[in-house]
Structure formats: C-alpha cells, structure tokens
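Take a look at the structure set out below.
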Amino acid sequence: MNQQSTSSKNSAAAIIVIVLLFSIGYAILRYHIAGPVPWKDFPFFILNKGFSLAAFILVTCNFSFCPLSNLGVRIPASWLAARKAIGMTGFLLALIHALMSFMLFSPTVYAKFFEADGTLTLLAGLSMLGGVLAFVVLWAYNLSFQTHLREDKTFIQFITSRTFLLWAMILGAVHLVFMGYQGWMAPAGWHGGIPPVSLVAIAFFVVGYGANVLGRK
Ligand code: HEM
C-alpha cells in the first residue's frame, strides 16, 4: 500500500454499517425478542428507534473524535477522516427519524406522551422541543459546510465553536432526558432487563459531552 492510499483511508462506510447494525439489532432484541412488540411493527415503529439511536451515535462520534484525540485517546486517522460523512449520515438519519415520528405521533402509539384529554404532557412537550431544536441546529450545522456560508469565516468560527457545540449537544440530551428518565429509574420494567434505547443514547452523550468539555479547544 503506498503512502497516498494510507493517508486517504476513510472508515466512514464501516463505521456507519456497524452503528446501524448495532442500533437496529438492539431495538429488535429489546422490543421484539425480549419485549412484547409484534413483528408487524418492525418496518416503522422499531426501525424508527434503530434509526434514531444510529443518528444519535453518529452525530456524537462526529462531534467527539477530535476532542477525544486531543485528550490523548488514540483515534485512527481513518476515523478522523470519516467525520464529515458520518456527520452527514447522522443528520439524514435524524431527518428520517423526525419524519417517521411525525407520522407515528398519536396517543395510541405513544400513550405516555399524552394526557387523557389528548394534549401533550409537560415532559413530552419539553422532550419534543429539545428534539425539534436539536434537529434544526444540526440542519444549520450541516448546511453551513455545504453552502457559500462556509466562506464566512466568522460564521464558521461560531458554529464550530466550543460554546455552540456544547449547547447543541445539550438539546439532544434534553430530548432524551425528558422522554426517558422515568423509565431509566425503573429497571424492573425493562424488557428482559435490557436498558431502553434512550438510555443507551444518553450513555454515548455522557462520554461525548465529557470529551467535548475537556478536549475541545
Ligand atoms: C423534529 C425533530 C424530532 C422529533 C419530532 C423527534 C421525535 C421523537 C419521538 C416521538 C421519539 C420517541 C420514539 C419512541 O419511543 O419510539 C423520539 C426518540 C428518540 N429520538 Fe427523536 N425526535 C426528533 C429529533 C431527534 C434528533 C435530532 C435526534 C438525534 C440526533 C433524536 C434521537 C432520538 C433518540 C435516540 C430517541 C430514543 C428512542 C427510544 O428511546 O426509543 N431525535 N424522538
């Protein structure tokens, strides 16, 4: 292998496939195999969970590889080179997740998000606000590299700044915490003792956020 091919190696495809297989596999294991969800719900309800987890993991990796490397964690050059592709894929998966969630969003599917009169509970309102804001911020972040905005140095400096990224990550956490914390506190109710998807996502958040607080310049 010559030097050119070594330095241009990019692990994006491998990372994306592994994250998708893990996320969808986890949702199948927890909800179909250990839990009571019928297989007819796989194509939409369960895949939506898999896509949302994969989106969250890929975006967190995109934000965290460089700070982790600054902290001395050995991140392969091919992973660093993959950041742009995994960030874009994470954003597109979040878009798919948002569209699927809009279609599923009803008291029949998500009873815990609704009051008896059909309005949203406070926790669901806060969680969805976090989700929508996280999505829009992610959209702006991706757009800024694909349009003429990338020539605006001040704007790029702002959108890639430590402060902006730390707040953007908090929005994702708000989406998960208000949606999931009651379930996280009740392990007796976990299907087969397997933690909820939102708890797996928050574990990635904690590592990624810590890396960004400590290792982002
Ligand atoms: C318009 C924006 C969004 C809407 C309307 C939305 C809606 C939802 C809904 C309804 C759920 C519950 C799904 C379920 O329990 O089956 C959910 C869960 C989740 N969302 Fe979002 N979301 C949005 C943005 C995002 C973004 C930007 C991310 C990550 C990058 C994300 C990641 C997740 C994760 C990891 C879960 C946990 C899945 C679970 O516990 O089953 N969401 N979202």
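Starting from 1 in every chain, residues are counted up; chains themselves are A, B, ... following the order of the structure tokens, and ligands are numbered from 1 as listed.
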
Wanna dump the chain A-ligand 1 contacts at 7 Å for me, each residue with its shortest atom pair and the distance in Å to one decimal, counting only C-alpha atoms and all ligand atoms, ordered by chain and number, as a Markdown table?
```
| residue | atom | partner | partner_atom_place_in_ligand_line | distance |
| --- | --- | --- | --- | --- |
| A:Phe45 | CA | ligand 1 | 16 (O) | 6.1 |
| A:Ile46 | CA | ligand 1 | 16 (O) | 6.9 |
| A:Asn48 | CA | ligand 1 | 16 (O) | 6.6 |
| A:Lys49 | CA | ligand 1 | 41 (O) | 4.6 |
| A:Ser52 | CA | ligand 1 | 32 (C) | 4.4 |
| A:Leu53 | CA | ligand 1 | 35 (C) | 4.1 |
| A:Ala55 | CA | ligand 1 | 30 (C) | 4.9 |
| A:Phe56 | CA | ligand 1 | 30 (C) | 4.0 |
| A:Val59 | CA | ligand 1 | 30 (C) | 6.3 |
| A:Gly90 | CA | ligand 1 | 30 (C) | 6.7 |
| A:Phe91 | CA | ligand 1 | 30 (C) | 6.8 |
| A:Ala94 | CA | ligand 1 | 27 (C) | 5.0 |
| A:His97 | CA | ligand 1 | 22 (N) | 6.4 |
| A:Ala98 | CA | ligand 1 | 3 (C) | 4.4 |
| A:Ser101 | CA | ligand 1 | 10 (C) | 4.8 |
| A:Phe102 | CA | ligand 1 | 5 (C) | 5.8 |
| A:Phe105 | CA | ligand 1 | 10 (C) | 6.0 |
| A:Met128 | CA | ligand 1 | 5 (C) | 5.8 |
| A:Gly131 | CA | ligand 1 | 24 (C) | 3.8 |
| A:Val132 | CA | ligand 1 | 2 (C) | 3.7 |
| A:Ala134 | CA | ligand 1 | 27 (C) | 4.9 |
| A:Phe135 | CA | ligand 1 | 27 (C) | 3.9 |
| A:Leu138 | CA | ligand 1 | 27 (C) | 6.9 |
| A:Gly172 | CA | ligand 1 | 29 (C) | 6.0 |
| A:His175 | CA | ligand 1 | 21 (Fe) | 6.6 |
| A:Leu176 | CA | ligand 1 | 36 (C) | 6.1 |
| A:Gly180 | CA | ligand 1 | 40 (O) | 6.8 |
| A:Pro196 | CA | ligand 1 | 40 (O) | 5.8 |
| A:Val197 | CA | ligand 1 | 40 (O) | 4.2 |
| A:Ser198 | CA | ligand 1 | 40 (O) | 3.7 |
| A:Ala201 | CA | ligand 1 | 35 (C) | 5.3 |
```

- Message: Can you pull out every residue from segment 37-173 of chain A that DSSP, working from the backbone, puts in helix (DSSP H, G or I), and format the result as a VMD selection string?
- Response: chain A and resid 39 to 70 77 to 80 83 to 104 111 to 113 122 to 146 148 to 151 153 to 159 162 to 173

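Residues within 10 Å of segment 26-33 of chain A, counting only C-alpha atoms and excluding same-chain residues fewer than 3 positions away, are A:Leu20, A:Leu21, A:Phe22, A:Ser23, A:Pro36, A:Val37, A:Pro38, A:Trp39, A:Lys40, A:Asp41, A:Phe42, A:Phe45, A:Ile46, A:Leu47, A:Asn48, A:Lys49, A:Gly50, A:Phe51, A:Leu53, A:Trp190, A:His191, A:Gly192, A:Gly193, A:Ile194, A:Pro195, A:Pro196, A:Val197, A:Val200.
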
Based on the selection just made, write N, CA and C atoms of those residues as an mmCIF file, in the first residue's frame.
```cif
data_model
loop_
_atom_site.group_PDB
_atom_site.id
_atom_site.type_symbol
_atom_site.label_atom_id
_atom_site.label_comp_id
_atom_site.auth_asym_id
_atom_site.auth_seq_id
_atom_site.Cartn_x
_atom_site.Cartn_y
_atom_site.Cartn_z
ATOM 1 N N LEU A 20 -25.312 1.229 12.412
ATOM 2 C CA LEU A 20 -26.693 0.889 12.018
ATOM 3 C C LEU A 20 -27.055 -0.532 12.466
ATOM 4 N N LEU A 21 -26.119 -1.481 12.249
ATOM 5 C CA LEU A 21 -26.411 -2.873 12.648
ATOM 6 C C LEU A 21 -26.611 -2.959 14.152
ATOM 7 N N PHE A 22 -25.731 -2.293 14.911
ATOM 8 C CA PHE A 22 -25.853 -2.304 16.370
ATOM 9 C C PHE A 22 -27.199 -1.706 16.796
ATOM 10 N N SER A 23 -27.542 -0.541 16.240
ATOM 11 C CA SER A 23 -28.730 0.189 16.698
ATOM 12 C C SER A 23 -30.016 -0.555 16.353
ATOM 13 N N PRO A 36 -42.589 -7.242 24.108
ATOM 14 C CA PRO A 36 -43.848 -7.754 23.563
ATOM 15 C C PRO A 36 -44.253 -7.174 22.200
ATOM 16 N N VAL A 37 -43.384 -6.373 21.566
ATOM 17 C CA VAL A 37 -43.835 -5.675 20.345
ATOM 18 C C VAL A 37 -43.932 -6.671 19.179
ATOM 19 N N PRO A 38 -45.079 -6.750 18.501
ATOM 20 C CA PRO A 38 -45.227 -7.704 17.392
ATOM 21 C C PRO A 38 -44.359 -7.320 16.184
ATOM 22 N N TRP A 39 -43.938 -8.337 15.401
ATOM 23 C CA TRP A 39 -43.036 -8.105 14.269
ATOM 24 C C TRP A 39 -43.659 -7.211 13.198
ATOM 25 N N LYS A 40 -44.970 -7.117 13.158
ATOM 26 C CA LYS A 40 -45.593 -6.251 12.147
ATOM 27 C C LYS A 40 -45.180 -4.794 12.362
ATOM 28 N N ASP A 41 -44.725 -4.464 13.581
ATOM 29 C CA ASP A 41 -44.319 -3.085 13.874
ATOM 30 C C ASP A 41 -42.847 -2.816 13.541
ATOM 31 N N PHE A 42 -42.149 -3.852 13.016
ATOM 32 C CA PHE A 42 -40.723 -3.645 12.718
ATOM 33 C C PHE A 42 -40.477 -2.545 11.682
ATOM 34 N N PHE A 45 -42.243 1.422 13.481
ATOM 35 C CA PHE A 45 -42.079 1.775 14.895
ATOM 36 C C PHE A 45 -40.687 1.380 15.407
ATOM 37 N N ILE A 46 -40.273 0.167 15.117
ATOM 38 C CA ILE A 46 -38.988 -0.313 15.651
ATOM 39 C C ILE A 46 -37.813 0.232 14.840
ATOM 40 N N LEU A 47 -37.968 0.277 13.500
ATOM 41 C CA LEU A 47 -36.875 0.859 12.703
ATOM 42 C C LEU A 47 -36.647 2.324 13.086
ATOM 43 N N ASN A 48 -37.740 3.022 13.433
ATOM 44 C CA ASN A 48 -37.598 4.417 13.868
ATOM 45 C C ASN A 48 -36.689 4.512 15.101
ATOM 46 N N LYS A 49 -36.837 3.561 16.013
ATOM 47 C CA LYS A 49 -35.979 3.554 17.207
ATOM 48 C C LYS A 49 -34.524 3.283 16.798
ATOM 49 N N GLY A 50 -34.349 2.310 15.888
ATOM 50 C CA GLY A 50 -32.991 1.982 15.421
ATOM 51 C C GLY A 50 -32.343 3.176 14.728
ATOM 52 N N PHE A 51 -33.098 3.828 13.838
ATOM 53 C CA PHE A 51 -32.543 4.985 13.112
ATOM 54 C C PHE A 51 -32.210 6.130 14.069
ATOM 55 N N LEU A 53 -31.390 5.957 17.236
ATOM 56 C CA LEU A 53 -30.181 5.638 18.015
ATOM 57 C C LEU A 53 -28.939 5.787 17.135
ATOM 58 N N TRP A 190 -37.826 -2.953 32.623
ATOM 59 C CA TRP A 190 -37.102 -3.069 31.343
ATOM 60 C C TRP A 190 -37.334 -4.451 30.730
ATOM 61 N N HIS A 191 -37.671 -4.482 29.430
ATOM 62 C CA HIS A 191 -37.879 -5.771 28.757
ATOM 63 C C HIS A 191 -36.609 -6.621 28.850
ATOM 64 N N GLY A 192 -36.730 -7.792 29.464
ATOM 65 C CA GLY A 192 -35.580 -8.710 29.581
ATOM 66 C C GLY A 192 -34.415 -8.090 30.341
ATOM 67 N N GLY A 193 -34.671 -7.051 31.138
ATOM 68 C CA GLY A 193 -33.586 -6.386 31.877
ATOM 69 C C GLY A 193 -32.686 -5.551 30.968
ATOM 70 N N ILE A 194 -33.118 -5.339 29.699
ATOM 71 C CA ILE A 194 -32.274 -4.604 28.734
ATOM 72 C C ILE A 194 -32.634 -3.110 28.791
ATOM 73 N N PRO A 195 -31.642 -2.232 28.993
ATOM 74 C CA PRO A 195 -31.922 -0.794 29.136
ATOM 75 C C PRO A 195 -32.603 -0.201 27.893
ATOM 76 N N PRO A 196 -33.450 0.840 28.103
ATOM 77 C CA PRO A 196 -34.131 1.487 26.980
ATOM 78 C C PRO A 196 -33.143 2.094 25.978
ATOM 79 N N VAL A 197 -33.594 2.246 24.727
ATOM 80 C CA VAL A 197 -32.766 2.844 23.676
ATOM 81 C C VAL A 197 -32.297 4.245 24.093
ATOM 82 N N VAL A 200 -29.275 4.057 26.300
ATOM 83 C CA VAL A 200 -28.050 3.743 25.551
ATOM 84 C C VAL A 200 -27.537 5.032 24.892
#
```

- Given only C-alpha atoms as the counted atoms, nearest of A:Met179, A:Gly210, A:Cys66, A:Lys9 to Leu120 of chain A: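 Counting only C-alpha atoms, the residue closest to Leu120 of chain A is A:Met179.
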
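The coordinates place atom CA of Pro43 of chain A at 21.3 Å from atom CA of Leu58 of chain A.
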
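Atom CA of Ala173 of chain A is found 21.7 Å from atom CA of Lys217 of chain A.
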
- Task: Please measure the separation of atom CA of Ile159 of chain A and atom CA of Leu71 of chain A, giving the value in Å to one decimal.
- Result: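 The value is 21.7 Å.
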
- Message: Give me the residues near Met88 of chain A as JSON, numbers by chain, where near means some atom within 12 Å (using only C-alpha atoms) and where sequence neighbours in that chain fewer than 6 positions away do not count.
- Response: {"A": [12, 16, 55, 56, 58, 59, 60, 61, 62, 63, 82, 94, 95, 138, 139, 140, 141, 142, 143, 144, 145, 146]}

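Nearest to Leu133 of chain A of all the residues A:Leu149, A:Ile156, A:Leu99, A:Val174 is A:Val174, based on only C-alpha atoms.
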